[in-house]
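The structure appears right after this line, and notes come after that.
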Amino acid sequence: MKKQLFTAILTICSAMVLTSCSNDDDSAGQQSEYAGMPLIIYDTDIGSSTDDLFALEMLYRYEDEGRCRLLGVMVDREGERNAAFADVMNTYFGHGNVPVGLIRDGIKKPKVWIDYAHVADTKDGKGQPMFSRSIADYSSLPDGWRLYRRLLAAQLDHSVSIVSVGFITCLAQLLASGADEYSSLSGVELVRRKVKCIYLQGGVFGEAEEPDYNFAQGITFAKTFFQNWPQDVDMVFSPMEAGQDVEYTPEQVIADVSWTNAHPIKQVYMQCNCNTGQRMWDVMPVIQAVEGDALFSLSKRGTVTLTDKAETIFTPSATGNCRYQLPGSEEWSAQMLEKIRYANKQR
């Protein structure tokens, strides 16, 4: 009852904020820097690696605590079965009203590391669906780039943080988009006006020059993204090294949800082989987006360019819009793991 009351109050307050702000796309007045609750759009290639699930679970817990507002979930891996799993997650954790967008013209048949999308259809001991859903028809879901436009147009200027932990297909299509019923601005200008920062799981920095997995899977989309992202909107990259030592073992995951088996993440770990070297890479951008920079060691500012081989080249610049997370100590990694385990242990 307390959680329901808190959610209702939060929804009312959010609606008051949104209705009090101007949606005049053509207004040119300078806005003061947004300092309110983090407004998050989560962009995920759900249906392959399980760190996407823990990152999403963290966002639910943060919102329940009044520390952020989850505006929407973009599924950037093609297939309604992947959107269905996002719906199951939203519904199970009490956030079934969060809108879901789906990529429909994205990367064709990318590699699947852990094939768990079928877990959404799990039946209980009576042959009934184990998990409830909030969406009746997944074919009616908006394309991700269109949902981006609707959500961004409704927010205060420079207020939205995007957390991208998968492919950047929806984002590339957003940046290539033109005016529509939601906004008279182009995709590039809409991002420039509304986005405060984007946190990306990706990038290979330091002395290494090798392709980044997420960007290499769809190099055409990645090049569109890097060429069009506004240079005055901040980007923070979280390379694999940042979360490499944050390991949440399958045994710990299952033991931490001891009160039930009817839990979507626990069912993934019960039905699938998740002992694949999985680390909590995707959670690192979420924690920074909500809790801020203080918990992280970051590079100096610079710019990032993408090569035709999907290499990310960082060039230091005091006026650059890019930074990247640096690996933490053993103690820091343990602290990050405890945050994730704490969220997963909550009933």
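Ligands are numbered from 1 in the order shown, chains are lettered A, B, ... in the order of the structure tokens, and residues start at 1 in each chain.
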Query raised in the report: If you run DSSP on this backbone, which residues of region 260-341 of chain A come out as alpha helix (DSSP H), and could you give them as a list in words?
Result: Pro264, Ile265, Lys266, Gln267, Val268, Tyr269, Met270, Gln271, Val283, Met284, Pro285, Val286, Ile287, Gln288, Ala289, Val290, Glu291, Glu330, Glu331, Trp332, Ser333, Ala334, Gln335, Met336, Leu337, Glu338, Lys339, Ile340 and Arg341 of chain A
Query raised in the report: Which residues, written as a ChimeraX atom specification, have at least one atom at most 7 Å from region 197-206 of chain A, with only C-alpha atoms counted and residues fewer than 6 positions away on the same chain left out?
Result: /A:161-165,212,214,233-240,282,285,289,311-312,314
Report summary line: Counting only C-alpha atoms, the residue among A:Phe226, A:Phe221, A:Trp332, A:Phe131 that lies closest to Asp76 (chain A) is A:Phe221
**Report entry** Shortest interatomic distance to Thr307 (chain A) - which of A:Ser132, A:Ser49, A:Asn261, A:Thr220, counting only C-alpha atoms
**Finding:** A:Thr220
Query raised in the report: What residues in region 137-212 of chain A get the DSSP label strand (DSSP E or B)? Please answer as a list in words.
Result: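 The residues of region 137-212 of chain A classed as strand (DSSP E or B) are Asp143, Val160, Ser161, Ile162, Val163, Ser164, Val195, Lys196, Cys197, Ile198, Tyr199, Leu200 and Gln201 of chain A.
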For the residues selected in the previous step, produce a file with C-alpha atoms as a short mmCIF file (atom, residue, chain, number, x, y, z; two decimals), in the first residue's frame.
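Output file again21.cif is given in full below:
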data_model
loop_
_atom_site.label_atom_id
_atom_site.label_comp_id
_atom_site.auth_asym_id
_atom_site.auth_seq_id
_atom_site.Cartn_x
_atom_site.Cartn_y
_atom_site.Cartn_z
CA ASP A 143 8.89 2.03 -33.33
CA VAL A 160 16.60 13.59 -20.04
CA SER A 161 19.36 11.05 -19.49
CA ILE A 162 19.52 8.20 -21.98
CA VAL A 163 21.07 4.92 -20.85
CA SER A 164 22.05 2.87 -23.89
CA VAL A 195 18.86 15.46 -23.63
CA LYS A 196 21.20 16.24 -20.76
CA CYS A 197 23.56 13.28 -21.21
CA ILE A 198 23.78 9.85 -22.75
CA TYR A 199 25.44 6.97 -20.88
CA LEU A 200 26.60 4.22 -23.23
CA GLN A 201 27.84 0.73 -22.42
#
Requested in this report: Identify which of the residues A:Gln231, A:Ser297, A:Thr224, A:Ser183 lies closest to Asn321 (chain A), counting only C-alpha atoms when measuring atom-to-atom distances.
Outcome: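 That would be A:Gln231, the residue with the smallest distance to Asn321 (chain A).
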Report task. Give me the residues within 10 Å of Arg347 (chain A) as a list in words, counting only C-alpha atoms and dropping any in the same chain fewer than 4 places off. Result -> Phe93, Val257, Ser258, Trp259, Thr260, His263 and Ala343 of chain A
Write the residues you've just listed into a file as a tab-separated table (two decimals), in the first residue's frame, and include all heavy atoms for each of them.
chain	number	residue	atom	x	y	z
A	93	PHE	N	7.61	-6.00	-11.80
A	93	PHE	CA	8.17	-5.08	-10.81
A	93	PHE	C	7.29	-3.87	-10.54
A	93	PHE	O	7.72	-2.91	-9.91
A	93	PHE	CB	9.57	-4.65	-11.24
A	93	PHE	CG	10.61	-5.75	-11.12
A	93	PHE	CD1	10.97	-6.50	-12.22
A	93	PHE	CD2	11.18	-6.03	-9.89
A	93	PHE	CE1	11.91	-7.53	-12.11
A	93	PHE	CE2	12.12	-7.05	-9.77
A	93	PHE	CZ	12.48	-7.80	-10.88
A	257	VAL	N	17.13	-14.59	-4.36
A	257	VAL	CA	15.67	-14.54	-4.52
A	257	VAL	C	15.13	-15.83	-3.91
A	257	VAL	O	14.62	-16.72	-4.61
A	257	VAL	CB	15.28	-14.40	-6.00
A	257	VAL	CG1	13.77	-14.19	-6.13
A	257	VAL	CG2	16.01	-13.25	-6.67
A	258	SER	N	15.23	-15.92	-2.60
A	258	SER	CA	14.93	-17.17	-1.90
A	258	SER	C	13.44	-17.37	-1.63
A	258	SER	O	13.01	-18.49	-1.35
A	258	SER	CB	15.69	-17.21	-0.56
A	258	SER	OG	15.31	-16.10	0.24
A	259	TRP	N	12.65	-16.32	-1.72
A	259	TRP	CA	11.26	-16.39	-1.28
A	259	TRP	C	10.30	-16.89	-2.36
A	259	TRP	O	9.14	-17.19	-2.07
A	259	TRP	CB	10.80	-15.01	-0.80
A	259	TRP	CG	10.75	-13.97	-1.90
A	259	TRP	CD1	9.67	-13.64	-2.68
A	259	TRP	CD2	11.82	-13.15	-2.34
A	259	TRP	NE1	10.01	-12.68	-3.58
A	259	TRP	CE2	11.33	-12.34	-3.38
A	259	TRP	CE3	13.15	-13.00	-1.93
A	259	TRP	CZ2	12.13	-11.41	-4.06
A	259	TRP	CZ3	13.94	-12.07	-2.59
A	259	TRP	CH2	13.44	-11.28	-3.63
A	260	THR	N	10.77	-16.99	-3.61
A	260	THR	CA	9.88	-17.43	-4.68
A	260	THR	C	10.69	-17.94	-5.87
A	260	THR	O	11.85	-17.56	-6.05
A	260	THR	CB	8.97	-16.28	-5.16
A	260	THR	OG1	8.06	-16.75	-6.15
A	260	THR	CG2	9.80	-15.14	-5.76
A	263	HIS	N	9.88	-15.47	-10.36
A	263	HIS	CA	10.62	-14.22	-10.49
A	263	HIS	C	11.31	-14.28	-11.85
A	263	HIS	O	12.02	-15.25	-12.14
A	263	HIS	CB	11.64	-14.12	-9.36
A	263	HIS	CG	12.42	-12.84	-9.29
A	263	HIS	ND1	13.40	-12.52	-10.21
A	263	HIS	CD2	12.38	-11.82	-8.40
A	263	HIS	CE1	13.92	-11.36	-9.88
A	263	HIS	NE2	13.32	-10.91	-8.79
A	343	ALA	N	19.34	-4.61	-4.63
A	343	ALA	CA	18.15	-4.40	-5.45
A	343	ALA	C	17.45	-5.71	-5.77
A	343	ALA	O	16.22	-5.80	-5.75
A	343	ALA	CB	18.52	-3.67	-6.73
Query - Non-local contacts of region 244-250 of chain A (6 Å; only C-alpha atoms; under 4 positions in same chain excluded) as a list in words - result: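 The filter keeps Met240, Arg279, Met280, Ser333 and Leu337 of chain A.
The two atoms in question, CA of Ala172 (chain A) and CA of Gly47 (chain A), are spaced 20.5 Å apart.
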Query raised in the report: Near Gln335 (chain A), within 12 Å and counting only C-alpha atoms, which residues show up once chain neighbours fewer than 3 positions away are dropped, as a VMD selection string?
Result: chain A and resid 243 245 to 247 284 287 295 to 296 328 to 332 338 to 342
Residues from last step as file, N, CA and C atoms, as a CSV table (one decimal), in the first residue's frame:
chain,number,residue,atom,x,y,z
A,243,GLY,N,33.0,-2.7,-15.7
A,243,GLY,CA,32.3,-3.7,-14.9
A,243,GLY,C,32.8,-5.1,-14.9
A,245,ASP,N,35.0,-6.7,-13.3
A,245,ASP,CA,35.2,-7.4,-12.0
A,245,ASP,C,34.0,-7.4,-11.1
A,246,VAL,N,32.9,-6.9,-11.7
A,246,VAL,CA,31.6,-7.0,-10.9
A,246,VAL,C,30.9,-8.2,-11.4
A,247,GLU,N,31.1,-9.3,-10.7
A,247,GLU,CA,30.6,-10.6,-11.1
A,247,GLU,C,29.5,-11.1,-10.1
A,284,MET,N,26.6,-0.5,-14.9
A,284,MET,CA,27.5,0.7,-14.5
A,284,MET,C,26.9,2.0,-15.1
A,287,ILE,N,23.9,3.1,-12.8
A,287,ILE,CA,24.3,3.7,-11.5
A,287,ILE,C,24.8,5.1,-11.7
A,295,LEU,N,30.7,8.4,-7.7
A,295,LEU,CA,31.1,7.0,-7.4
A,295,LEU,C,32.1,6.4,-8.4
A,296,PHE,N,32.4,7.2,-9.5
A,296,PHE,CA,33.2,6.7,-10.6
A,296,PHE,C,34.5,7.5,-10.8
A,328,GLY,N,37.6,0.4,-11.5
A,328,GLY,CA,37.7,0.7,-10.1
A,328,GLY,C,38.6,-0.3,-9.4
A,329,SER,N,38.7,-0.1,-8.1
A,329,SER,CA,39.5,-1.1,-7.3
A,329,SER,C,38.7,-2.3,-6.9
A,330,GLU,N,39.3,-3.3,-6.3
A,330,GLU,CA,38.5,-4.4,-5.9
A,330,GLU,C,37.4,-4.1,-4.9
A,331,GLU,N,37.8,-3.1,-4.0
A,331,GLU,CA,36.8,-2.7,-3.1
A,331,GLU,C,35.6,-2.0,-3.8
A,332,TRP,N,35.9,-1.2,-4.8
A,332,TRP,CA,34.8,-0.5,-5.5
A,332,TRP,C,33.9,-1.5,-6.2
A,338,GLU,N,27.3,-5.1,-4.4
A,338,GLU,CA,26.3,-5.1,-3.3
A,338,GLU,C,25.1,-4.3,-3.6
A,339,LYS,N,25.3,-3.2,-4.4
A,339,LYS,CA,24.2,-2.4,-4.8
A,339,LYS,C,23.2,-3.2,-5.7
A,340,ILE,N,23.8,-4.0,-6.6
A,340,ILE,CA,23.0,-4.9,-7.5
A,340,ILE,C,22.3,-6.0,-6.7
A,341,ARG,N,23.0,-6.6,-5.8
A,341,ARG,CA,22.4,-7.7,-5.0
A,341,ARG,C,21.3,-7.1,-4.0
A,342,TYR,N,21.5,-5.9,-3.5
A,342,TYR,CA,20.5,-5.3,-2.6
A,342,TYR,C,19.2,-5.1,-3.4
Determine, counting only C-alpha atoms, which protein, DNA and RNA residues have an atom within 9 Å of an atom of Leu56 (chain A); residues of the same chain fewer than 5 positions away are not included. Present the result as a PDB file with C-alpha atoms, in the first residue's frame.
ATOM      1  CA  TYR A  42      16.531   2.911 -21.064  1.00  0.00           C
ATOM      2  CA  THR A  44      18.496  -2.241 -24.323  1.00  0.00           C
ATOM      3  CA  ASP A  51      23.152  -7.701 -17.235  1.00  0.00           C
ATOM      4  CA  ARG A  61      14.261   0.105  -7.493  1.00  0.00           C
ATOM      5  CA  VAL A  73      12.154   1.262 -22.391  1.00  0.00           C
ATOM      6  CA  ALA A  86      10.563  -6.176 -21.322  1.00  0.00           C
ATOM      7  CA  MET A  89       9.816  -7.195 -16.396  1.00  0.00           C
ATOM      8  CA  ASN A  90       7.868  -3.924 -16.253  1.00  0.00           C
ATOM      9  CA  VAL A 283      24.558  -1.783 -14.728  1.00  0.00           C
ATOM     10  CA  VAL A 286      22.598   3.043 -14.863  1.00  0.00           C
TER      11      VAL A 286
END
